[in-house]
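A.B. asks: Dropping in data-v1.txt, which is compact mmCIF, C-alpha atoms and all ligand atoms:
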# COMPACT_ATOMS: atom_id res chain seq x y z
CA MET A 1 -54.81 -14.79 -6.00
CA GLY A 2 -56.88 -11.63 -5.65
CA ILE A 3 -55.83 -8.03 -5.58
CA GLU A 4 -53.08 -7.07 -3.13
CA ILE A 5 -53.57 -3.55 -1.73
CA ILE A 6 -50.50 -1.66 -0.55
CA GLU A 7 -50.73 1.77 1.07
CA SER A 8 -48.72 4.53 -0.60
CA ALA A 9 -46.04 6.47 1.23
CA THR A 10 -46.39 10.23 1.56
CA ALA A 11 -43.52 12.49 0.55
CA THR A 12 -42.77 16.00 -0.64
CA VAL A 13 -41.13 16.68 -4.00
CA GLY A 14 -40.18 20.32 -4.51
CA ASP A 15 -43.13 21.99 -2.74
CA VAL A 16 -45.67 19.37 -3.71
CA GLY A 17 -47.17 16.62 -1.59
CA VAL A 18 -47.18 13.20 -3.26
CA ARG A 19 -48.60 9.75 -2.60
CA ARG A 20 -45.85 7.28 -3.62
CA ALA A 21 -47.35 4.00 -4.83
CA LEU A 22 -43.99 2.64 -6.07
CA PRO A 23 -41.51 1.63 -4.87
CA ARG A 24 -42.80 0.19 -1.60
CA ARG A 25 -41.07 -2.33 0.62
CA GLN A 26 -43.74 -4.94 -0.20
CA ARG A 27 -43.48 -4.27 -3.95
CA ARG A 28 -40.60 -2.56 -5.70
CA MET A 29 -41.82 -2.83 -9.31
CA VAL A 30 -44.78 -3.68 -11.54
CA GLY A 31 -43.30 -4.88 -14.83
CA ALA A 32 -40.68 -2.24 -15.67
CA TRP A 33 -42.58 0.44 -13.69
CA CYS A 34 -40.39 1.31 -10.72
CA PHE A 35 -41.70 4.65 -9.45
CA ALA A 36 -45.18 6.17 -9.21
CA ASP A 37 -45.93 9.49 -7.50
CA HIS A 38 -49.49 10.81 -7.51
CA MET A 39 -48.66 14.51 -7.10
CA GLY A 40 -50.84 17.37 -5.93
CA PRO A 41 -53.24 18.95 -6.34
CA MET A 42 -51.23 22.08 -5.60
CA GLN A 43 -52.07 25.67 -6.47
CA ALA A 44 -49.77 27.05 -9.14
CA THR A 45 -49.22 30.70 -9.98
CA PRO A 46 -47.48 31.97 -13.13
CA ASP A 47 -44.12 31.93 -11.33
CA HIS A 48 -44.66 29.13 -8.81
CA GLY A 49 -45.38 25.59 -9.96
CA LEU A 50 -43.94 22.16 -9.23
CA ASP A 51 -40.61 24.02 -8.94
CA VAL A 52 -38.46 20.90 -9.21
CA GLY A 53 -35.00 22.23 -10.08
CA PRO A 54 -32.52 20.58 -12.44
CA HIS A 55 -31.74 17.02 -11.34
CA PRO A 56 -30.22 13.98 -13.06
CA HIS A 57 -31.54 10.61 -14.19
CA CYS A 58 -30.00 7.51 -15.74
CA GLY A 59 -31.29 4.07 -16.71
CA LEU A 60 -34.97 5.05 -16.73
CA GLN A 61 -37.74 6.79 -18.62
CA THR A 62 -39.90 9.45 -16.97
CA VAL A 63 -43.57 9.39 -17.91
CA THR A 64 -45.40 12.59 -16.96
CA TRP A 65 -49.21 12.70 -17.07
CA LEU A 66 -51.34 15.54 -15.76
CA VAL A 67 -55.01 15.50 -14.81
CA ALA A 68 -55.10 19.24 -14.02
CA GLY A 69 -52.98 22.27 -14.82
CA GLU A 70 -49.92 22.97 -16.91
CA VAL A 71 -46.20 22.36 -16.30
CA LEU A 72 -43.11 23.45 -18.23
CA HIS A 73 -40.49 20.75 -18.80
CA ARG A 74 -36.90 21.75 -19.59
CA ASP A 75 -34.05 19.31 -20.07
CA SER A 76 -30.36 19.02 -20.94
CA LEU A 77 -31.22 18.10 -24.54
CA GLY A 78 -32.48 21.68 -24.94
CA THR A 79 -36.14 20.66 -24.78
CA GLU A 80 -38.63 23.26 -23.55
CA GLN A 81 -42.08 21.65 -23.56
CA LEU A 82 -45.37 22.69 -22.01
CA ILE A 83 -47.59 19.80 -20.94
CA ALA A 84 -51.34 19.81 -20.23
CA PRO A 85 -53.88 17.08 -19.37
CA GLY A 86 -54.25 14.44 -22.10
CA GLN A 87 -50.67 14.90 -23.27
CA LEU A 88 -47.60 12.77 -22.57
CA ASN A 89 -44.05 13.83 -21.80
CA LEU A 90 -41.71 10.84 -22.11
CA MET A 91 -38.03 11.38 -21.34
CA THR A 92 -35.55 8.55 -21.85
CA ALA A 93 -32.47 9.02 -19.68
CA GLY A 94 -30.20 6.26 -20.99
CA ARG A 95 -26.68 6.97 -19.76
CA GLY A 96 -27.65 10.40 -18.45
CA VAL A 97 -29.94 13.41 -18.74
CA SER A 98 -31.10 16.19 -16.43
CA HIS A 99 -34.36 18.12 -16.30
CA ALA A 100 -36.48 20.64 -14.40
CA GLU A 101 -40.28 20.93 -13.98
CA GLU A 102 -41.29 24.57 -13.73
CA ALA A 103 -44.12 27.07 -13.61
CA THR A 104 -45.27 28.12 -17.08
CA GLY A 105 -45.15 31.90 -16.67
CA THR A 106 -48.87 32.13 -17.47
CA TYR A 107 -50.88 29.34 -15.82
CA ALA A 108 -52.53 29.85 -12.43
CA GLY A 109 -54.69 27.15 -10.83
CA PRO A 110 -54.50 23.59 -9.62
CA VAL A 111 -51.79 21.17 -10.80
CA GLU A 112 -52.28 17.45 -10.30
CA GLY A 113 -50.85 14.41 -12.06
CA ILE A 114 -48.75 11.31 -11.85
CA GLN A 115 -44.99 11.05 -12.31
CA LEU A 116 -43.87 7.59 -13.32
CA TRP A 117 -40.51 5.95 -14.00
CA VAL A 118 -39.86 2.95 -16.22
CA ALA A 119 -36.63 0.99 -15.71
CA GLN A 120 -34.70 0.57 -18.96
CA PRO A 121 -33.38 -2.91 -19.76
CA ALA A 122 -29.66 -3.64 -20.22
CA VAL A 123 -29.92 -3.31 -24.00
CA THR A 124 -30.93 0.38 -23.87
CA ARG A 125 -29.92 1.73 -20.47
CA GLU A 126 -26.50 2.98 -21.63
CA GLY A 127 -27.98 4.52 -24.78
CA ASP A 128 -28.56 8.12 -25.76
CA PRO A 129 -31.00 10.32 -23.86
CA ALA A 130 -34.15 11.33 -25.75
CA PHE A 131 -37.40 13.20 -25.27
CA GLU A 132 -40.86 12.75 -26.81
CA HIS A 133 -44.01 14.83 -26.42
CA HIS A 134 -47.31 13.37 -27.59
CA GLU A 135 -50.05 15.95 -28.06
CA SER A 136 -52.78 13.30 -28.17
CA LEU A 137 -52.91 9.57 -27.57
CA PRO A 138 -55.06 6.69 -28.77
CA GLU A 139 -58.23 5.90 -26.85
CA LEU A 140 -60.13 2.71 -26.26
CA ASP A 141 -63.90 2.90 -25.89
CA LEU A 142 -65.16 0.92 -22.92
CA PRO A 143 -68.80 0.00 -22.17
CA ASP A 144 -69.09 2.80 -19.62
CA GLY A 145 -65.91 4.82 -19.96
CA ARG A 146 -62.72 5.13 -21.92
CA ALA A 147 -59.04 4.27 -21.66
CA THR A 148 -56.24 6.49 -22.93
CA VAL A 149 -53.14 4.46 -23.79
CA LEU A 150 -50.02 6.41 -22.76
CA VAL A 151 -47.44 3.74 -23.51
CA GLY A 152 -47.53 0.18 -24.80
CA SER A 153 -50.82 -1.42 -25.76
CA LEU A 154 -54.14 -2.26 -24.15
CA ALA A 155 -56.77 -4.50 -25.76
CA GLY A 156 -55.18 -4.01 -29.18
CA VAL A 157 -54.88 -0.20 -28.94
CA GLU A 158 -51.23 0.84 -29.15
CA SER A 159 -49.52 4.10 -28.15
CA PRO A 160 -46.96 5.57 -30.55
CA ALA A 161 -44.64 6.35 -27.61
CA ARG A 162 -41.30 4.57 -27.28
CA ILE A 163 -41.13 1.53 -25.03
CA ASP A 164 -38.03 -0.52 -24.25
CA SER A 165 -39.80 -3.60 -22.85
CA PRO A 166 -43.32 -5.11 -23.16
CA MET A 167 -45.64 -2.97 -21.03
CA VAL A 168 -48.74 -0.83 -20.75
CA GLY A 169 -49.58 2.46 -19.10
CA ALA A 170 -53.16 3.73 -19.46
CA GLU A 171 -55.58 6.12 -17.82
CA LEU A 172 -59.09 4.77 -17.29
CA VAL A 173 -62.05 7.10 -16.77
CA LEU A 174 -65.00 4.97 -15.71
CA ALA A 175 -68.65 5.85 -15.07
CA GLY A 176 -69.96 2.31 -14.58
CA PRO A 177 -68.94 -1.36 -14.34
CA THR A 178 -66.44 -2.21 -17.07
CA PRO A 179 -64.67 -5.36 -18.17
CA LEU A 180 -61.14 -4.86 -19.48
CA ALA A 181 -59.02 -7.29 -21.52
CA LEU A 182 -55.50 -7.74 -20.13
CA ASP A 183 -52.29 -9.32 -21.41
CA PRO A 184 -51.95 -12.44 -19.23
CA THR A 185 -48.13 -12.31 -19.50
CA PHE A 186 -48.21 -8.96 -17.62
CA GLU A 187 -48.47 -8.20 -13.94
CA HIS A 188 -50.56 -5.07 -13.29
CA GLY A 189 -50.90 -2.24 -10.83
CA LEU A 190 -53.85 0.09 -10.35
CA VAL A 191 -53.52 3.58 -8.86
CA VAL A 192 -56.77 5.49 -8.30
CA LEU A 193 -56.38 9.24 -8.86
CA HIS A 194 -60.01 10.28 -8.30
CA GLY A 195 -63.00 8.45 -6.89
CA ALA A 196 -62.88 4.78 -5.95
CA ILE A 197 -63.25 1.41 -7.70
CA PHE A 198 -64.14 -2.10 -6.70
CA VAL A 199 -61.69 -4.71 -8.04
CA ASP A 200 -62.45 -8.33 -7.18
CA GLY A 201 -64.89 -7.02 -4.57
CA GLU A 202 -62.19 -4.97 -2.83
CA LEU A 203 -62.45 -1.18 -2.72
CA LEU A 204 -59.41 0.66 -4.04
CA THR A 205 -59.06 4.37 -3.19
CA PRO A 206 -56.42 7.06 -3.82
CA GLY A 207 -53.22 6.57 -1.82
CA HIS A 208 -52.92 2.84 -2.57
CA LEU A 209 -51.47 0.46 -5.14
CA GLY A 210 -53.65 -2.44 -6.20
CA TYR A 211 -51.35 -5.24 -7.41
CA LEU A 212 -52.43 -8.11 -9.67
CA GLU A 213 -50.20 -11.09 -10.47
CA PRO A 214 -49.56 -12.27 -14.05
CA GLY A 215 -52.00 -14.79 -15.50
CA ARG A 216 -55.15 -12.64 -15.81
CA ASP A 217 -56.69 -12.12 -19.22
CA HIS A 218 -59.37 -9.71 -18.01
CA LEU A 219 -60.47 -7.58 -15.13
CA HIS A 220 -63.83 -6.26 -13.90
CA LEU A 221 -63.71 -2.72 -12.59
CA ALA A 222 -66.71 -1.15 -10.87
CA PRO A 223 -66.37 2.53 -9.96
CA GLU A 224 -68.25 4.19 -7.13
CA GLY A 225 -69.67 7.10 -9.11
CA GLU A 226 -67.00 8.20 -11.57
CA ALA A 227 -63.38 7.18 -11.14
CA ARG A 228 -60.06 8.04 -12.76
CA VAL A 229 -57.51 5.23 -12.47
CA MET A 230 -54.02 4.54 -13.81
CA LEU A 231 -53.35 1.01 -15.06
CA LEU A 232 -49.66 0.05 -15.12
CA GLY A 233 -48.52 -3.32 -16.39
CA GLY A 234 -45.71 -5.27 -17.93
CA VAL A 235 -43.79 -8.50 -18.09
CA PRO A 236 -42.10 -8.93 -14.68
CA PHE A 237 -38.72 -7.21 -15.00
CA SER A 238 -36.04 -9.89 -15.21
CA GLU A 239 -33.05 -7.75 -14.21
CA ALA A 240 -32.28 -6.94 -10.57
CA ILE A 241 -32.11 -3.15 -10.34
CA THR A 242 -30.59 -0.85 -7.76
CA MET A 243 -32.47 2.42 -7.28
CA TRP A 244 -30.80 5.23 -5.42
CA TRP A 245 -32.08 8.84 -5.55
CA ASN A 246 -32.80 9.53 -9.24
CA TYR A 247 -30.73 6.71 -10.68
CA VAL A 248 -31.76 3.23 -11.82
CA VAL A 249 -28.58 1.17 -12.04
CA ARG A 250 -27.33 -2.34 -11.28
CA SER A 251 -24.96 -1.77 -8.35
CA ARG A 252 -24.14 0.66 -5.57
CA ALA A 253 -20.83 1.43 -7.31
CA GLU A 254 -22.73 2.54 -10.42
CA ALA A 255 -24.98 4.79 -8.33
CA THR A 256 -21.94 6.33 -6.65
CA ALA A 257 -20.24 6.95 -10.00
CA ALA A 258 -23.38 8.59 -11.39
CA HIS A 259 -23.72 10.82 -8.35
CA ARG A 260 -20.05 11.85 -8.42
CA SER A 261 -20.65 13.00 -12.02
CA TRP A 262 -23.70 15.05 -10.95
CA LEU A 263 -21.86 16.62 -7.99
CA ALA A 264 -18.85 17.41 -10.21
CA ASP A 265 -21.22 18.89 -12.83
CA ASP A 266 -19.25 17.08 -15.53
CA ALA A 267 -20.68 16.48 -19.02
CA ARG A 268 -22.56 13.25 -18.25
CA PHE A 269 -25.89 14.81 -17.24
CA GLY A 270 -25.57 18.00 -19.29
CA THR A 271 -27.00 21.38 -18.31
CA VAL A 272 -30.59 22.58 -18.02
CA ASP A 273 -31.38 26.21 -18.91
CA SER A 274 -33.39 26.89 -15.74
CA ASP A 275 -33.64 29.67 -13.16
CA LEU A 276 -34.22 27.06 -10.46
CA ASP A 277 -31.28 25.78 -8.41
CA ARG A 278 -29.71 22.40 -9.26
CA VAL A 279 -30.92 19.77 -6.80
CA VAL A 280 -27.96 18.46 -4.81
CA VAL A 281 -27.94 15.74 -2.16
CA ASP A 282 -25.03 14.06 -0.34
CA LEU A 283 -23.26 11.01 -1.68
CA PRO A 284 -24.90 7.72 -0.69
CA PRO A 285 -24.01 6.45 2.79
CA TRP A 286 -21.93 3.58 1.41
CA ALA A 287 -19.69 5.90 -0.66
MN MN A 301 -37.10 13.86 -12.60
Could you quickly redo this structure as structure tokens?

C.D. replies:
Amino acid sequence: MGIEIIESATATVGDVGVRRALPRRQRRMVGAWCFADHMGPMQATPDHGLDVGPHPHCGLQTVTWLVAGEVLHRDSLGTEQLIAPGQLNLMTAGRGVSHAEEATGTYAGPVEGIQLWVAQPAVTREGDPAFEHHESLPELDLPDGRATVLVGSLAGVESPARIDSPMVGAELVLAGPTPLALDPTFEHGLVVLHGAIFVDGELLTPGHLGYLEPGRDHLHLAPEGEARVMLLGGVPFSEAITMWWNYVVRSRAEATAAHRSWLADDARFGTVDSDLDRVVVDLPPWA
């Protein structure tokens, strides 16, 4: 089986245009990865950025990775963390957390990146919320490029970031044809941020997910010029998840209960110290 190419959906989050590679009807997840938005580029000013107001999450981790600009993360744990390219913000929601993604007060210029969600397994999804910032991450030298390992491990290079199931998330910057060792127990997804790459003779460009089934122990990537590509992989997720709005749960009833807590502003999702408005949407149609 070769690469399966699925076109991303387009959407707007806050004021920012995104290309949504996951979930798609044809493919809901890659390993535990259940959401992938390539966001921007947008032009930030000191007081206008992603401008995503406080909103809740449960049952997932958010993985934020920028390729341009700066963003200020605030959450209900009291975290206030600036993020820039090459750094990782990893928020674990567990039973509930809320956060906002804001302008920095100083940065003006383009903002571009990828916002990813990882579904938490049953053993951790009701656990405590947590936040990690990693100022720098391990890199893997490739014959004509490099990989930065955000989470999990790639070809023996392991990120210090928390993972709750076997997986990998890496950024590849490639200037020429490159072989890459893969874990054959993982399925993988490729999302091109800049440039274009040939995979199995097929051209993959921004705005698409390239999906690869488990069973591969290596991959040959050939960029056209220079390319920047996200590699997402993991053991196929064994639990059937329900995703609604910002919640990863196991049933519609759980999603409804989570959303009633958010609408009631009870203690479950805490409070974010933000000047932006809380994001509120209606209850799900089945409620
Ligand atoms: Mn969020």

A.B. asks: What separation in Å, quoted to one decimal, exists between CA of Glu135 in chain A and CA of Phe269 in chain A?

C.D. replies: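 Separation between CA of Glu135 in chain A and CA of Phe269 in chain A: 26.5 Å.
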
A.B. asks: Please, which residues in range 103-211 of chain A fall within 12 Å of range 68-85 of chain A when counting all atoms listed in the file, and what is the closest atom pair and distance in Å to one decimal for each, ordered by chain then residue number, as JSON lines?

C.D. replies:
{"residue": "A:Ala103", "atom": "CA", "partner": "A:Val71", "partner_atom": "CA", "distance": 5.8}
{"residue": "A:Thr104", "atom": "CA", "partner": "A:Leu72", "partner_atom": "CA", "distance": 5.3}
{"residue": "A:Gly105", "atom": "CA", "partner": "A:Leu72", "partner_atom": "CA", "distance": 8.8}
{"residue": "A:Thr106", "atom": "CA", "partner": "A:Glu70", "partner_atom": "CA", "distance": 9.2}
{"residue": "A:Tyr107", "atom": "CA", "partner": "A:Glu70", "partner_atom": "CA", "distance": 6.5}
{"residue": "A:Ala108", "atom": "CA", "partner": "A:Gly69", "partner_atom": "CA", "distance": 8.0}
{"residue": "A:Gly109", "atom": "CA", "partner": "A:Gly69", "partner_atom": "CA", "distance": 6.5}
{"residue": "A:Pro110", "atom": "CA", "partner": "A:Gly69", "partner_atom": "CA", "distance": 5.6}
{"residue": "A:Val111", "atom": "CA", "partner": "A:Gly69", "partner_atom": "CA", "distance": 4.3}
{"residue": "A:Glu112", "atom": "CA", "partner": "A:Ala68", "partner_atom": "CA", "distance": 5.0}
{"residue": "A:Gly113", "atom": "CA", "partner": "A:Ala68", "partner_atom": "CA", "distance": 6.7}
{"residue": "A:Ile114", "atom": "CA", "partner": "A:Ala68", "partner_atom": "CA", "distance": 10.4}
{"residue": "A:Asp128", "atom": "CA", "partner": "A:Leu77", "partner_atom": "CA", "distance": 10.4}
{"residue": "A:Pro129", "atom": "CA", "partner": "A:Leu77", "partner_atom": "CA", "distance": 7.8}
{"residue": "A:Ala130", "atom": "CA", "partner": "A:Leu77", "partner_atom": "CA", "distance": 7.5}
{"residue": "A:Phe131", "atom": "CA", "partner": "A:Thr79", "partner_atom": "CA", "distance": 7.6}
{"residue": "A:Glu132", "atom": "CA", "partner": "A:Thr79", "partner_atom": "CA", "distance": 9.4}
{"residue": "A:His133", "atom": "CA", "partner": "A:Gln81", "partner_atom": "CA", "distance": 7.6}
{"residue": "A:His134", "atom": "CA", "partner": "A:Ile83", "partner_atom": "CA", "distance": 9.3}
{"residue": "A:Glu135", "atom": "CA", "partner": "A:Ile83", "partner_atom": "CA", "distance": 8.5}
{"residue": "A:Ser136", "atom": "CA", "partner": "A:Pro85", "partner_atom": "CA", "distance": 9.6}
{"residue": "A:Leu137", "atom": "CA", "partner": "A:Pro85", "partner_atom": "CA", "distance": 11.2}
{"residue": "A:Thr148", "atom": "CA", "partner": "A:Pro85", "partner_atom": "CA", "distance": 11.4}
{"residue": "A:Leu150", "atom": "CA", "partner": "A:Pro85", "partner_atom": "CA", "distance": 11.8}
{"residue": "A:Glu171", "atom": "CA", "partner": "A:Pro85", "partner_atom": "CA", "distance": 11.2}
{"residue": "A:Leu193", "atom": "CA", "partner": "A:Ala68", "partner_atom": "CA", "distance": 11.3}
{"residue": "A:His194", "atom": "CA", "partner": "A:Ala68", "partner_atom": "CA", "distance": 11.7}

A.B. asks: Let's have the selection written as an mmCIF file, in the coordinates of the input, with C-alpha atoms.

C.D. replies:
data_model
loop_
_atom_site.group_PDB
_atom_site.id
_atom_site.type_symbol
_atom_site.label_atom_id
_atom_site.label_comp_id
_atom_site.auth_asym_id
_atom_site.auth_seq_id
_atom_site.Cartn_x
_atom_site.Cartn_y
_atom_site.Cartn_z
ATOM 1 C CA ALA A 103 -44.120 27.070 -13.610
ATOM 2 C CA THR A 104 -45.270 28.120 -17.080
ATOM 3 C CA GLY A 105 -45.150 31.900 -16.670
ATOM 4 C CA THR A 106 -48.870 32.130 -17.470
ATOM 5 C CA TYR A 107 -50.880 29.340 -15.820
ATOM 6 C CA ALA A 108 -52.530 29.850 -12.430
ATOM 7 C CA GLY A 109 -54.690 27.150 -10.830
ATOM 8 C CA PRO A 110 -54.500 23.590 -9.620
ATOM 9 C CA VAL A 111 -51.790 21.170 -10.800
ATOM 10 C CA GLU A 112 -52.280 17.450 -10.300
ATOM 11 C CA GLY A 113 -50.850 14.410 -12.060
ATOM 12 C CA ILE A 114 -48.750 11.310 -11.850
ATOM 13 C CA ASP A 128 -28.560 8.120 -25.760
ATOM 14 C CA PRO A 129 -31.000 10.320 -23.860
ATOM 15 C CA ALA A 130 -34.150 11.330 -25.750
ATOM 16 C CA PHE A 131 -37.400 13.200 -25.270
ATOM 17 C CA GLU A 132 -40.860 12.750 -26.810
ATOM 18 C CA HIS A 133 -44.010 14.830 -26.420
ATOM 19 C CA HIS A 134 -47.310 13.370 -27.590
ATOM 20 C CA GLU A 135 -50.050 15.950 -28.060
ATOM 21 C CA SER A 136 -52.780 13.300 -28.170
ATOM 22 C CA LEU A 137 -52.910 9.570 -27.570
ATOM 23 C CA THR A 148 -56.240 6.490 -22.930
ATOM 24 C CA LEU A 150 -50.020 6.410 -22.760
ATOM 25 C CA GLU A 171 -55.580 6.120 -17.820
ATOM 26 C CA LEU A 193 -56.380 9.240 -8.860
ATOM 27 C CA HIS A 194 -60.010 10.280 -8.300
#

A.B. asks: Can you work out the spacing between CA of Ala175 in chain A and CA of Gly31 in chain A in Å, to one decimal?

C.D. replies: 27.5 Å

A.B. asks: Please return as a PDB file with C-alpha atoms, keeping the file's coordinate frame the residues found within 7 Å of ligand MN 301 (chain A), counting only C-alpha atoms and all ligand atoms.

C.D. replies:
ATOM      1  CA  HIS A  55     -31.740  17.020 -11.340  1.00  0.00           C
ATOM      2  CA  PRO A  56     -30.220  13.980 -13.060  1.00  0.00           C
ATOM      3  CA  HIS A  57     -31.540  10.610 -14.190  1.00  0.00           C
ATOM      4  CA  THR A  62     -39.900   9.450 -16.970  1.00  0.00           C
ATOM      5  CA  HIS A  99     -34.360  18.120 -16.300  1.00  0.00           C
ATOM      6  CA  ASN A 246     -32.800   9.530  -9.240  1.00  0.00           C
TER       7      ASN A 246
END

A.B. asks: Skip Gly195 in chain A itself and residues of its chain fewer than 2 positions away, then list as a list in words all residues within 7 Å of it, counting only C-alpha atoms.

C.D. replies: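 Within the cut-off, the hits are Leu193, Thr205, Glu224, Glu226, Ala227 and Arg228 of chain A.
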
A.B. asks: Quick check, in Å to one decimal: how far apart do CA of Asp47 in chain A and CA of Thr271 in chain A lie?

C.D. replies: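 For CA of Asp47 in chain A relative to CA of Thr271 in chain A, the distance reads 21.3 Å.
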
A.B. asks: Env of Arg24 in chain A: 10 Å cut, atoms = all atoms listed in the file, seq-sep filter 6 positions within chain, self excluded. Answer as a ChimeraX atom specification.

C.D. replies: /A:6-9,34-36,209

A.B. asks: In file coordinates, which residues lie within 10 Å of (-45.0, -6.0, -19.8) using only C-alpha atoms, given as number ranges by chain?

C.D. replies: A: 30-33, 152-153, 163-169, 183-188, 214, 232-237

A.B. asks: For each of A:Ser98, A:Leu174, A:Trp286, A:Val272, take the minimum atom-to-atom distance to Ala255 in chain A, counting all atoms listed in the file, then give the residue where this is smallest.

C.D. replies: A:Trp286

A.B. asks: Give the answer as one residue: which of A:Leu90, A:Val16, A:Glu213, A:Gly201 has the shortest atom-to-atom distance to Pro160 in chain A, using all atoms listed in the file?

C.D. replies: A:Leu90

A.B. asks: Counting all atoms listed in the file, figure out which residue out of A:Glu254, A:Asp37, A:Asp265, A:Glu126 gets nearest to Pro284 in chain A.

C.D. replies: A:Glu254

A.B. asks: Using all atoms listed in the file for the distances, tell me which of A:Ile3, A:Leu180, A:Ala253, A:Val118 is nearest to Leu204 in chain A.

C.D. replies: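 For Leu204 in chain A, the nearest of the candidates is A:Ile3.
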
A.B. asks: Compare A:Gly94, A:Gly189, A:Pro138, A:Pro23 by their minimum atom-to-atom distance to Trp245 in chain A, counting all atoms listed in the file, and give me the closest one.

C.D. replies: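 So, comparing all the options, the nearest one is A:Pro23.
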
A.B. asks: Can you tell me, as a list in words, what residues are no more than 7 Å from range 142-146 of chain A when counting all atoms listed in the file, ignoring any on the same chain fewer than 6 positions away?

C.D. replies: Leu172, Val173, Leu174, Ala175, Gly176, Pro177 and Thr178 of chain A

A.B. asks: Tell me which of A:His220, A:Arg278, A:Arg125, A:Arg268 sits closest to Arg250 in chain A, counting all atoms listed in the file.

C.D. replies: A:Arg125
